[in-house]
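Okay, so here's the structure we're looking at.
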Amino acid sequence: MTIQATVDRNEPNPHIINKAARIIQAGGLVAFPTETVYGLGADALNAEAVKKIYVAKGRPSDKPLILHVSSIQQASGLVEMNDTARKLAQTFWPGPLTLVLPAKPCIPSITRGGLNTAGVRMPANVPALELIRASRTPLAAPSANISGRPSPKDAESVYRDMAGRIDMILDGGSTVIGIESTILDITNPERIIMLRLGAIGREEIESSIGMMIEISASMRGKSL
Ligand code: AMP
Ligand code: MG
């Protein structure tokens with residue numbers, strides 16, 4: 001059975017957040033709003049819990065998940081931050097920018113899709129941040145849809161795909177952006193590569209760090 005609970009997008013009820021956090025801590029799955037799309041969250045450091053995300057979505061297990069954090073400090077415990085990463089996080093977090101960096105050993109291989117890097121971001125959504133804080137762990141969270149279907153922008157769409165497959169849906173209303181996060185690989189800060197164009201544009205990033213970024217081969221030809 002999938003529990004559904006509505007939360008205020010500015011002042012989510014702490015009892016509901018704590019209930020969701022207990023599910024996360026017990027290795028369960030909770031869908032939650034972010035500013036981009038709804039995420040399907042599990043404790044990113046619990047391999048068994050993360051495995052359930054891949055099963056619920058029917059997602060190929062070599063496709064890495066983004067880790068959602070509630071502070072830059074929390075991100076520093078997960079990945080090797082460099083000065084450029086810190087600057088980008090200070091400028092764009094909380095917000096729709098995912099930073100791919102060398103992973104620290106605490107991140108299970110399944111969360112990273114077997115890679116030695118990991119993507120981290122801090123979402124600009126109060127219920128999401130409160131859930132991460134209350135869970136006391138980063139949340140691995142892809143979009144809360146069955147693989148291949150559109151990313152959900154409201155809780156009803158999550159329910160349609162995920163009812164019976166996950167433990168809880170936090171309904172925080174429609175997402176304000178509705179587009180995925182922009183993903184930057186800054187493993188090598190001399191050579192920053194855009195892996196996905198999302199809600200934050202290339203020029204905005206380039207002017208913030210004062211250098212050009214490259215576009216990954218898989219993105220070339222797509223409209224920027
Ligand atoms: P989704 O959560 O479904 O929007 O997908 C997350 C996206 O982040 C996928 O396109 C992944 O390939 C990308 N991603 C997450 N972690 C990494 C990583 N370590 N290296 C490269 N891409 C990543
Ligand atoms: Mg997706």
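Labels used: A, B, ... for chains in the order of the structure tokens, numbers from 1 for residues in each chain, and numbers from 1 for ligands as shown.
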Item to complete: Could you give me, as an MDAnalysis selection string, every polymer residue with an atom at most 6 Å away from an atom of ligand 1, counting only C-alpha atoms and all ligand atoms?
Response: chainID A and resid 63:66 100 112 117:119 142:143
Enumerate, in order of chain and increasing residue number, the residues of range 129-180 of chain A with an atom no farther than 8 Å from range 12-31 of chain A, each with its shortest atom pair and distance in Å to one decimal, counting only C-alpha atoms, as JSON lines.
```
{"residue": "A:Glu130", "atom": "CA", "partner": "A:Ile17", "partner_atom": "CA", "distance": 6.9}
{"residue": "A:Leu131", "atom": "CA", "partner": "A:Ile17", "partner_atom": "CA", "distance": 5.7}
{"residue": "A:Ile132", "atom": "CA", "partner": "A:Ala21", "partner_atom": "CA", "distance": 7.7}
{"residue": "A:Ala134", "atom": "CA", "partner": "A:Ala21", "partner_atom": "CA", "distance": 5.7}
{"residue": "A:Ser135", "atom": "CA", "partner": "A:Ala21", "partner_atom": "CA", "distance": 4.5}
{"residue": "A:Ala144", "atom": "CA", "partner": "A:Ala31", "partner_atom": "CA", "distance": 6.3}
{"residue": "A:Val158", "atom": "CA", "partner": "A:Ala31", "partner_atom": "CA", "distance": 7.6}
{"residue": "A:Ile166", "atom": "CA", "partner": "A:Leu29", "partner_atom": "CA", "distance": 5.3}
{"residue": "A:Asp167", "atom": "CA", "partner": "A:Leu29", "partner_atom": "CA", "distance": 5.4}
{"residue": "A:Met168", "atom": "CA", "partner": "A:Val30", "partner_atom": "CA", "distance": 4.8}
{"residue": "A:Ile169", "atom": "CA", "partner": "A:Ala31", "partner_atom": "CA", "distance": 4.7}
{"residue": "A:Leu170", "atom": "CA", "partner": "A:Ala31", "partner_atom": "CA", "distance": 6.0}
```
Fill in: Selection as a list in words: residues within 10 Å of ligand 2 by only C-alpha atoms and all ligand atoms
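Checking only C-alpha atoms and all ligand atoms against ligand 2 at 10 Å gives Val37, Tyr38, Gly39, Leu40, Lys57, Arg59, Leu65, Ala141, Pro142, Ser143, Ala144, Asn145, Ile146, Ser147, Gly148, Arg149, Pro150, Ser151, Pro152 and Glu180 of chain A.
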Selected residues written out, N, CA and C atoms, as a PDB file, in the first residue's frame:
```
ATOM      1  N   VAL A  37      11.246  18.163 -10.841  1.00  0.00           N
ATOM      2  CA  VAL A  37      10.157  17.190 -10.995  1.00  0.00           C
ATOM      3  C   VAL A  37      10.075  16.403  -9.689  1.00  0.00           C
ATOM      4  N   TYR A  38       9.086  15.517  -9.549  1.00  0.00           N
ATOM      5  CA  TYR A  38       9.012  14.678  -8.343  1.00  0.00           C
ATOM      6  C   TYR A  38      10.128  13.633  -8.374  1.00  0.00           C
ATOM      7  N   GLY A  39      10.750  13.423  -7.208  1.00  0.00           N
ATOM      8  CA  GLY A  39      11.808  12.427  -7.092  1.00  0.00           C
ATOM      9  C   GLY A  39      11.311  11.192  -6.368  1.00  0.00           C
ATOM     10  N   LEU A  40      11.965  10.051  -6.663  1.00  0.00           N
ATOM     11  CA  LEU A  40      11.655   8.807  -5.968  1.00  0.00           C
ATOM     12  C   LEU A  40      12.844   8.511  -5.066  1.00  0.00           C
ATOM     13  N   LYS A  57      11.102   1.444 -10.654  1.00  0.00           N
ATOM     14  CA  LYS A  57      11.066   2.214 -11.906  1.00  0.00           C
ATOM     15  C   LYS A  57      11.255   1.347 -13.149  1.00  0.00           C
ATOM     16  N   ARG A  59      14.304   0.561 -13.978  1.00  0.00           N
ATOM     17  CA  ARG A  59      15.428   1.344 -14.509  1.00  0.00           C
ATOM     18  C   ARG A  59      16.664   0.464 -14.662  1.00  0.00           C
ATOM     19  N   LEU A  65      22.313   7.337 -10.039  1.00  0.00           N
ATOM     20  CA  LEU A  65      21.292   8.188  -9.423  1.00  0.00           C
ATOM     21  C   LEU A  65      21.924   9.461  -8.882  1.00  0.00           C
ATOM     22  N   ALA A 141      17.702   9.901  -5.690  1.00  0.00           N
ATOM     23  CA  ALA A 141      16.366  10.115  -6.236  1.00  0.00           C
ATOM     24  C   ALA A 141      16.378  10.426  -7.724  1.00  0.00           C
ATOM     25  N   PRO A 142      15.948   9.467  -8.532  1.00  0.00           N
ATOM     26  CA  PRO A 142      15.635   9.768  -9.931  1.00  0.00           C
ATOM     27  C   PRO A 142      14.202  10.288  -9.996  1.00  0.00           C
ATOM     28  N   SER A 143      13.725  10.629 -11.174  1.00  0.00           N
ATOM     29  CA  SER A 143      12.340  11.071 -11.291  1.00  0.00           C
ATOM     30  C   SER A 143      11.399   9.913 -10.930  1.00  0.00           C
ATOM     31  N   ALA A 144      10.230  10.270 -10.355  1.00  0.00           N
ATOM     32  CA  ALA A 144       9.336   9.266  -9.768  1.00  0.00           C
ATOM     33  C   ALA A 144       8.343   8.701 -10.788  1.00  0.00           C
ATOM     34  N   ASN A 145       8.874   8.247 -11.925  1.00  0.00           N
ATOM     35  CA  ASN A 145       8.034   7.661 -12.967  1.00  0.00           C
ATOM     36  C   ASN A 145       8.610   6.299 -13.348  1.00  0.00           C
ATOM     37  N   ILE A 146       7.788   5.463 -13.993  1.00  0.00           N
ATOM     38  CA  ILE A 146       8.301   4.229 -14.584  1.00  0.00           C
ATOM     39  C   ILE A 146       9.257   4.659 -15.706  1.00  0.00           C
ATOM     40  N   SER A 147      10.390   3.973 -15.815  1.00  0.00           N
ATOM     41  CA  SER A 147      11.385   4.323 -16.834  1.00  0.00           C
ATOM     42  C   SER A 147      10.740   4.440 -18.207  1.00  0.00           C
ATOM     43  N   GLY A 148      11.098   5.505 -18.917  1.00  0.00           N
ATOM     44  CA  GLY A 148      10.574   5.705 -20.273  1.00  0.00           C
ATOM     45  C   GLY A 148       9.317   6.547 -20.315  1.00  0.00           C
ATOM     46  N   ARG A 149       8.682   6.781 -19.172  1.00  0.00           N
ATOM     47  CA  ARG A 149       7.475   7.620 -19.135  1.00  0.00           C
ATOM     48  C   ARG A 149       7.874   9.035 -18.739  1.00  0.00           C
ATOM     49  N   PRO A 150       6.974  10.015 -18.946  1.00  0.00           N
ATOM     50  CA  PRO A 150       7.351  11.397 -18.634  1.00  0.00           C
ATOM     51  C   PRO A 150       7.621  11.601 -17.145  1.00  0.00           C
ATOM     52  N   SER A 151       8.537  12.538 -16.839  1.00  0.00           N
ATOM     53  CA  SER A 151       8.850  12.861 -15.452  1.00  0.00           C
ATOM     54  C   SER A 151       7.652  13.560 -14.823  1.00  0.00           C
ATOM     55  N   PRO A 152       7.231  13.131 -13.614  1.00  0.00           N
ATOM     56  CA  PRO A 152       6.019  13.682 -13.003  1.00  0.00           C
ATOM     57  C   PRO A 152       6.206  15.082 -12.413  1.00  0.00           C
ATOM     58  N   GLU A 180      14.233  19.014 -15.756  1.00  0.00           N
ATOM     59  CA  GLU A 180      15.286  18.378 -14.956  1.00  0.00           C
ATOM     60  C   GLU A 180      16.445  19.341 -14.661  1.00  0.00           C
TER      61      GLU A 180
END
```
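Of the residues under consideration (A:Ala47, A:Ile186, A:Ile213, A:Ile205), A:Ala47 shows the shortest atom-to-atom contact distance to Gly114 in chain A when counting only C-alpha atoms.
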Discussion item. If we count only C-alpha atoms and set the cut-off at 6 Å, which residues sit around range 138-140 of chain A, ignoring sequence neighbours fewer than 3 positions away in its own chain? Please answer as an NGL selection string.
Written reply: :A and (41-44 or 65-69)
Using only C-alpha atoms, find each residue of range 26-70 of chain A with at least one atom at most 7 Å away from an atom of range 173-177 of chain A; report its shortest atom-to-atom pair and that distance in Å (one decimal), sort the rows by chain and rising residue number, and return the result as JSON lines.
```
{"residue": "A:Pro33", "atom": "CA", "partner": "A:Thr175", "partner_atom": "CA", "distance": 6.7}
{"residue": "A:Thr34", "atom": "CA", "partner": "A:Thr175", "partner_atom": "CA", "distance": 6.5}
{"residue": "A:Glu35", "atom": "CA", "partner": "A:Thr175", "partner_atom": "CA", "distance": 5.3}
{"residue": "A:Thr36", "atom": "CA", "partner": "A:Ile177", "partner_atom": "CA", "distance": 4.9}
{"residue": "A:Val37", "atom": "CA", "partner": "A:Thr175", "partner_atom": "CA", "distance": 5.9}
```
Fill in: DSSP helix (DSSP H, G or I) selection over range 49-181 of chain A, as a PyMOL selection string
chain A and resi 49-57+72-76+83-92+126-135+155-162
Put those residues in a file: C-alpha atoms, as a compact mmCIF listing (two decimals), in the first residue's frame.
```txt
# COMPACT_ATOMS: atom_id res chain seq x y z
CA ALA A 49 17.07 0.51 -0.37
CA VAL A 50 18.58 1.93 -3.55
CA LYS A 51 18.03 -1.38 -5.31
CA LYS A 52 14.29 -0.93 -4.70
CA ILE A 53 14.37 2.32 -6.74
CA TYR A 54 15.67 0.47 -9.80
CA VAL A 55 13.04 -2.25 -9.34
CA ALA A 56 10.12 0.18 -8.82
CA LYS A 57 11.07 2.21 -11.91
CA ILE A 72 27.17 21.94 0.88
CA GLN A 73 28.74 20.40 3.97
CA GLN A 74 26.72 17.22 3.48
CA ALA A 75 27.86 17.09 -0.18
CA SER A 76 31.49 17.36 0.98
CA ASP A 83 37.13 25.03 -5.57
CA THR A 84 35.04 25.27 -8.74
CA ALA A 85 32.46 22.88 -7.34
CA ARG A 86 32.27 24.89 -4.12
CA LYS A 87 31.82 28.13 -6.06
CA LEU A 88 29.07 26.61 -8.23
CA ALA A 89 27.30 25.16 -5.20
CA GLN A 90 27.46 28.51 -3.39
CA THR A 91 26.04 30.27 -6.45
CA PHE A 92 23.36 27.86 -7.61
CA VAL A 126 11.26 23.10 1.48
CA PRO A 127 9.56 19.68 1.94
CA ALA A 128 12.47 18.01 0.09
CA LEU A 129 15.09 19.73 2.27
CA GLU A 130 13.15 18.96 5.45
CA LEU A 131 12.86 15.30 4.42
CA ILE A 132 16.61 15.04 3.76
CA ARG A 133 17.39 16.68 7.13
CA ALA A 134 14.92 14.51 9.05
CA SER A 135 16.22 11.34 7.35
CA ALA A 155 1.65 13.90 -7.08
CA GLU A 156 -1.27 12.54 -9.13
CA SER A 157 1.12 11.56 -11.93
CA VAL A 158 3.41 9.88 -9.40
CA TYR A 159 0.43 7.95 -8.04
CA ARG A 160 -0.56 6.76 -11.52
CA ASP A 161 2.90 5.21 -12.11
CA MET A 162 3.94 4.21 -8.61
```
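Between CA of Pro60 in chain A and CA of Ala199 in chain A there is a distance of 24.7 Å.
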Practice prompt. Run DSSP on the backbone and grab whatever in range 29-92 of chain A lands in strand (DSSP E); send it over as a ChimeraX atom specification.
Written response: /A:30-32,39-43,66-68
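Closest to Asp8 in chain A among A:Pro105, A:Pro94, A:Gly172, A:Gly77 is A:Gly172, based on only C-alpha atoms.
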